[in-house]
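Asks: This is input.txt (compact mmCIF, C-alpha atoms and all ligand atoms).
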```
# COMPACT_ATOMS: atom_id res chain seq x y z
CA MET O 1 -6.63 -43.54 80.08
CA LEU O 2 -6.65 -40.39 82.15
CA MET O 3 -10.44 -40.43 82.20
CA ASP O 4 -10.41 -44.02 83.47
CA PHE O 5 -8.05 -43.01 86.23
CA VAL O 6 -10.18 -40.06 87.26
CA LYS O 7 -13.36 -42.14 87.14
CA SER O 8 -11.74 -44.63 89.45
CA LEU O 9 -11.61 -41.91 92.07
CA SER O 10 -15.06 -42.12 93.52
CA LEU O 11 -14.64 -38.55 94.74
CA PHE O 12 -15.85 -37.37 91.35
CA GLY O 13 -19.50 -37.34 90.39
CA GLU O 14 -20.31 -37.12 86.67
CA LYS O 15 -20.90 -33.36 86.78
CA ALA O 16 -17.76 -32.64 88.78
CA LEU O 17 -15.77 -34.89 86.47
CA VAL O 18 -16.78 -32.94 83.37
CA GLU O 19 -15.95 -29.65 85.09
CA TRP O 20 -12.61 -31.00 86.25
CA MET O 21 -11.72 -32.23 82.77
CA LYS O 22 -12.64 -28.86 81.27
CA GLU O 23 -10.26 -27.14 83.66
CA LEU O 24 -7.52 -29.63 82.88
CA ILE O 25 -7.88 -29.27 79.10
CA TYR O 26 -7.88 -25.49 79.49
CA CYS O 27 -4.69 -25.61 81.57
CA LEU O 28 -3.05 -27.84 78.94
CA GLY O 29 -3.70 -25.25 76.24
CA GLY O 30 -7.14 -26.26 74.98
CA ALA O 31 -8.49 -28.78 72.49
CA VAL O 32 -10.50 -28.69 69.29
CA ALA O 33 -14.00 -30.11 69.62
CA THR O 34 -16.32 -30.94 66.73
CA SER O 35 -19.27 -29.32 68.53
CA THR O 36 -19.73 -26.72 71.21
CA LEU O 37 -22.64 -26.41 73.61
CA LEU O 38 -23.24 -22.82 74.64
CA GLY O 39 -26.01 -21.54 76.90
CA VAL O 40 -27.52 -18.09 76.43
CA PRO O 41 -29.51 -17.08 79.52
CA LEU O 42 -31.41 -14.33 77.79
CA GLY O 43 -35.09 -13.46 78.12
CA HIS O 44 -35.49 -9.69 77.84
CA ASN O 45 -36.38 -9.93 74.16
CA SER O 46 -39.12 -12.50 74.72
CA LEU O 47 -42.60 -11.57 73.62
CA PHE O 48 -44.63 -12.81 76.52
CA ARG O 49 -42.59 -14.15 79.43
CA GLU O 50 -38.93 -13.99 80.23
CA GLY O 51 -38.60 -17.48 81.72
CA PRO O 52 -36.32 -18.87 78.96
CA SER O 53 -33.46 -16.95 80.58
CA PHE O 54 -33.57 -19.58 83.34
CA ALA O 55 -33.47 -22.50 80.89
CA PRO O 56 -29.74 -23.21 80.34
CA PRO O 57 -29.03 -24.89 83.72
CA PHE O 58 -32.17 -27.02 83.38
CA ILE O 59 -31.14 -28.15 79.90
CA TRP O 60 -27.62 -28.75 81.20
CA GLU O 61 -29.01 -30.98 83.96
CA GLY O 62 -31.13 -32.83 81.43
CA ILE O 63 -28.18 -33.56 79.17
CA TRP O 64 -25.95 -34.80 81.97
CA CYS O 65 -28.71 -36.45 84.05
CA GLY O 66 -27.60 -39.76 85.54
CA SER O 67 -30.81 -41.46 84.34
CA ALA O 68 -29.31 -41.82 80.86
CA ASN O 69 -25.87 -42.40 79.45
CA SER O 70 -24.00 -39.67 77.61
CA THR O 71 -23.73 -41.48 74.28
CA THR O 72 -25.60 -40.29 71.19
CA GLU O 73 -27.53 -42.59 68.87
CA GLU O 74 -24.49 -42.48 66.57
CA GLY O 75 -22.30 -43.82 69.38
CA LYS O 76 -20.50 -40.57 70.15
CA ASP O 77 -19.80 -39.97 73.83
CA LEU O 78 -20.59 -36.36 74.72
CA LYS O 79 -18.20 -36.57 77.65
CA ASP O 80 -15.33 -36.81 75.16
CA LEU O 81 -14.17 -33.23 74.92
CA ARG O 82 -13.09 -33.83 71.32
CA ILE O 83 -16.75 -34.56 70.49
CA MET O 84 -18.44 -31.76 72.39
CA ALA O 85 -17.12 -28.89 74.46
CA ASP O 86 -19.67 -27.70 77.00
CA VAL O 87 -18.50 -24.15 77.50
CA GLY O 88 -21.28 -23.09 79.85
CA ASP O 89 -23.28 -19.87 79.58
CA ILE O 90 -22.24 -16.83 77.60
CA PRO O 91 -22.24 -13.60 79.69
CA ILE O 92 -25.42 -11.79 78.74
CA GLN O 93 -23.53 -8.51 78.47
CA GLU O 94 -21.99 -9.92 75.28
CA ILE O 95 -25.36 -10.23 73.54
CA ASP O 96 -26.58 -6.93 72.18
CA GLU O 97 -30.13 -5.90 71.45
CA ARG O 98 -30.12 -7.70 68.12
CA GLY O 99 -30.69 -10.95 70.00
CA LYS O 100 -29.04 -14.33 70.04
CA LEU O 101 -30.64 -15.89 66.98
CA LEU O 102 -29.49 -13.24 64.53
CA ILE O 103 -25.97 -13.26 65.97
CA PHE O 104 -25.55 -17.03 65.83
CA VAL O 105 -27.18 -17.61 62.46
CA ARG O 106 -24.93 -14.89 61.03
CA ALA O 107 -21.79 -16.20 62.73
CA ILE O 108 -21.99 -19.73 61.34
CA PRO O 109 -21.65 -18.86 57.60
CA GLU O 110 -19.09 -16.18 58.48
CA ASN O 111 -16.90 -18.79 60.16
CA LEU O 112 -17.47 -21.45 57.51
CA GLY O 113 -16.71 -19.04 54.68
CA GLY O 114 -20.00 -19.49 52.86
CA PRO O 115 -23.78 -19.65 53.20
CA VAL O 116 -25.78 -22.45 54.78
CA ASP O 117 -29.35 -23.71 54.50
CA VAL O 118 -31.48 -23.23 57.60
CA LEU O 119 -34.16 -25.71 58.67
CA ARG O 120 -36.38 -24.17 61.33
CA PHE O 121 -38.92 -26.01 63.49
CA ASP O 122 -41.39 -23.51 64.90
CA ALA O 123 -45.11 -22.99 65.38
CA HIS O 124 -44.57 -19.36 64.26
CA PRO O 125 -42.69 -17.90 61.29
CA ASP O 126 -41.03 -15.03 63.29
CA LEU O 127 -41.07 -12.88 60.15
CA TYR O 128 -42.71 -9.64 61.32
CA ASP O 129 -41.10 -6.57 59.81
CA LYS O 130 -41.48 -5.05 63.29
CA PHE O 131 -43.34 -6.41 66.28
CA GLU O 132 -44.82 -3.94 68.76
CA GLY O 133 -42.46 -1.35 67.32
CA LYS O 134 -39.34 -3.43 67.90
CA TYR O 135 -37.10 -3.93 64.88
CA TYR O 136 -35.09 -6.64 66.64
CA SER O 137 -38.04 -8.38 68.27
CA ARG O 138 -37.83 -12.15 68.67
CA ALA O 139 -40.85 -12.26 66.34
CA SER O 140 -38.78 -10.48 63.68
CA SER O 141 -35.60 -12.54 63.94
CA PHE O 142 -35.87 -14.31 60.61
CA ALA O 143 -36.95 -11.13 58.81
CA ARG O 144 -33.62 -9.61 59.89
CA ILE O 145 -31.71 -12.77 58.93
CA MET O 146 -33.26 -12.87 55.46
CA GLU O 147 -32.72 -9.14 54.89
CA GLY O 148 -29.06 -9.52 55.80
CA GLY O 149 -28.57 -12.29 53.25
CA TYR O 150 -26.74 -14.37 55.87
CA ILE O 151 -28.16 -17.69 54.71
CA CYS O 152 -28.84 -19.43 51.40
CA SER O 153 -32.34 -20.70 52.16
CA LEU O 154 -34.86 -20.95 54.98
CA THR O 155 -37.27 -23.84 55.32
CA LEU O 156 -39.94 -23.48 58.03
CA VAL O 157 -41.87 -26.50 59.25
CA ASP O 158 -44.49 -27.08 61.96
CA ILE O 159 -46.14 -23.70 61.36
CA ARG O 160 -49.45 -23.57 63.24
CA SER O 161 -49.91 -19.85 63.82
CA ILE O 162 -49.43 -17.47 60.90
CA ASN O 163 -51.16 -14.30 59.81
CA LYS O 164 -51.33 -12.25 56.61
CA GLU O 165 -48.04 -10.47 57.27
CA GLY O 166 -46.28 -13.78 57.89
CA ARG O 167 -47.43 -15.14 54.55
CA GLU O 168 -46.50 -11.96 52.70
CA GLN O 169 -43.06 -11.80 54.28
CA ALA O 170 -42.41 -15.45 53.43
CA LYS O 171 -43.33 -14.76 49.81
CA LYS O 172 -41.14 -11.65 49.71
CA PHE O 173 -38.09 -13.51 51.04
CA GLY O 174 -38.67 -16.73 49.06
CA ILE O 175 -39.06 -18.83 52.22
CA LYS O 176 -40.43 -22.34 52.00
CA GLN O 177 -43.12 -22.74 54.68
CA TYR O 178 -44.88 -25.96 55.59
CA GLU O 179 -47.95 -25.59 57.76
CA MET O 180 -49.15 -28.41 59.97
CA ARG O 181 -52.62 -28.15 58.47
CA HIS O 182 -51.17 -29.47 55.21
CA PHE O 183 -49.01 -32.10 56.90
CA SER O 184 -50.65 -35.14 55.28
CA LYS O 185 -50.03 -33.69 51.83
CA ASP O 186 -46.50 -32.44 52.61
CA ARG O 187 -45.28 -35.45 54.59
CA PRO O 188 -43.85 -37.51 51.68
CA PHE O 189 -41.85 -34.48 50.52
CA LEU O 190 -40.67 -33.48 54.00
CA GLU O 191 -39.52 -36.99 54.86
CA ASN O 192 -37.22 -36.84 51.85
CA LEU O 193 -36.17 -33.23 52.27
CA LYS O 194 -32.75 -32.48 50.84
CA LEU O 195 -30.89 -29.49 52.22
CA GLY O 196 -27.26 -28.43 52.34
CA GLU O 197 -26.41 -29.28 48.75
CA GLY O 198 -24.05 -26.78 47.12
CA VAL O 199 -23.64 -24.82 50.38
CA LYS O 200 -21.55 -25.21 53.51
CA GLY O 201 -24.10 -27.27 55.37
CA VAL O 202 -27.37 -27.16 57.30
CA TYR O 203 -28.14 -25.15 60.42
CA ILE O 204 -31.04 -26.57 62.40
CA SER O 205 -33.00 -24.15 64.56
CA ILE O 206 -35.59 -25.47 67.01
CA ASP O 207 -38.20 -23.42 68.78
CA VAL O 208 -39.66 -25.99 71.15
CA ASP O 209 -43.15 -24.57 70.75
CA CYS O 210 -43.14 -26.57 67.55
CA LEU O 211 -44.05 -29.52 69.76
CA ASP O 212 -47.66 -30.38 70.55
CA PRO O 213 -48.27 -28.74 73.93
CA GLY O 214 -50.46 -31.62 75.00
CA TYR O 215 -48.20 -34.51 74.12
CA ALA O 216 -44.86 -33.01 73.04
CA VAL O 217 -44.62 -35.59 70.30
CA GLY O 218 -44.41 -32.95 67.54
CA VAL O 219 -43.17 -33.92 64.13
CA SER O 220 -39.49 -34.52 64.82
CA HIS O 221 -39.28 -37.52 62.51
CA TYR O 222 -38.59 -35.25 59.56
CA GLU O 223 -35.28 -36.09 57.97
CA SER O 224 -32.98 -33.59 56.29
CA GLY O 225 -29.94 -34.31 54.22
CA GLY O 226 -26.57 -32.63 54.30
CA ASP O 227 -24.20 -31.87 57.13
CA ILE O 228 -25.42 -30.16 60.26
CA VAL O 229 -23.00 -27.36 61.02
CA GLY O 230 -24.71 -25.74 63.98
CA GLY O 231 -28.03 -25.25 65.65
CA ASP O 232 -29.93 -23.76 68.49
CA MET O 233 -32.85 -24.55 70.63
CA ILE O 234 -34.84 -21.80 72.28
CA GLU O 235 -38.02 -21.08 74.18
CA TYR O 236 -37.86 -23.84 76.77
CA ASN O 237 -39.42 -22.03 79.71
CA PRO O 238 -39.18 -23.90 83.01
CA GLN O 239 -41.43 -21.33 84.63
CA ARG O 240 -44.15 -22.35 82.20
CA ASP O 241 -43.62 -26.07 82.51
CA THR O 242 -46.43 -26.38 85.05
CA PRO O 243 -50.03 -27.62 84.96
CA ASP O 244 -51.17 -24.28 83.50
CA ARG O 245 -49.55 -25.22 80.19
CA MET O 246 -52.95 -26.75 79.46
CA ILE O 247 -54.28 -23.22 79.06
CA ALA O 248 -52.37 -22.78 75.82
CA MET O 249 -53.76 -25.99 74.42
CA VAL O 250 -57.33 -25.22 75.41
CA ALA O 251 -57.07 -21.70 73.95
CA LYS O 252 -55.74 -23.12 70.69
CA MET O 253 -58.50 -25.67 70.48
CA SER O 254 -61.07 -22.93 71.07
CA LYS O 255 -59.96 -20.95 68.04
MN MN Q 301 -42.46 -20.10 68.24
```
Taking this structure as input, can you express it in the form of structure tokens?

Replies:
Amino acid sequence: MLMDFVKSLSLFGEKALVEWMKELIYCLGGAVATSTLLGVPLGHNSLFREGPSFAPPFIWEGIWCGSANSTTEEGKDLKDLRIMADVGDIPIQEIDERGKLLIFVRAIPENLGGPVDVLRFDAHPDLYDKFEGKYYSRASSFARIMEGGYICSLTLVDIRSINKEGREQAKKFGIKQYEMRHFSKDRPFLENLKLGEGVKGVYISIDVDCLDPGYAVGVSHYESGGDIVGGDMIEYNPQRDTPDRMIAMVAKMSK
């Protein structure tokens, strides 16, 4: 009712409307949302380029772009603050050197009161014991998560770049890894993957380099069971989203 009234005031664009409603809800004492969207403009721990720190506003614009409506495939309207609270970017001073992934993956089971299964889409396993001497390198994030015992299981899919250490670490931690080179064989199993049974739910982690750099079609039709209790998406680098992205594909094809 209130939303309809505010919408009727043509003074408000979609973006301004969401911001205005956030302020209003805050002034009224807050509300409980089923999901929260939180941006982390952090890039100092990146391995190659620090562009992902600029990503949150671009992703924000993409979500609220006027070219599409704000309703999910399940019919949930993301503008409904009871469905999703867009809380903006977290101040980077609040993220310590351990990095965002470790902090968030640890926080979810802590808040739910029990472990979760993690389904990770990534071209890399990120399991180095240390990378270039850094214990909390981005390339070591899941080694730290597994060592800490913060999750029940880790399933990695879309792996296209893995070395001896990655395989050994996966074996040591009991991680299920599915490499794209075996996709035809693994596909029937992955399409019927069951996760989240007997635990608090499923956390989905997406490194967007899991997508084919030439076509970005990736393998996102995998289906997992269970309840999704949180997730993250990292590595979108607007500074790299230029014609030179072809270089990565050509280099990969040359190997
Ligand atoms: Mn990656």

Asks: Return as an MDAnalysis selection string every polymer residue, whether protein, DNA or RNA, with at least one atom no more than 8 Å from an atom of ligand MN 301 (chain Q); count only C-alpha atoms and all ligand atoms.

Replies: chainID O and resid 122:126 207:210 235

Asks: To one decimal place in Å, what is the distance between atom CA of O:Ala107 and atom CA of O:Gly29?

Replies: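 Interatomic distance here is 24.3 Å.
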
Asks: Kindly provide, as JSON, the centre and edge lengths (Å, one decimal) of an axis-aligned box around all atoms of stretch 116-120 of chain O given in the file, with 5 Å on each side.

Replies:
```
{"center_x": -31.1, "center_y": -24.1, "center_z": 57.9, "size_x": 20.6, "size_y": 13.3, "size_z": 16.8}
```
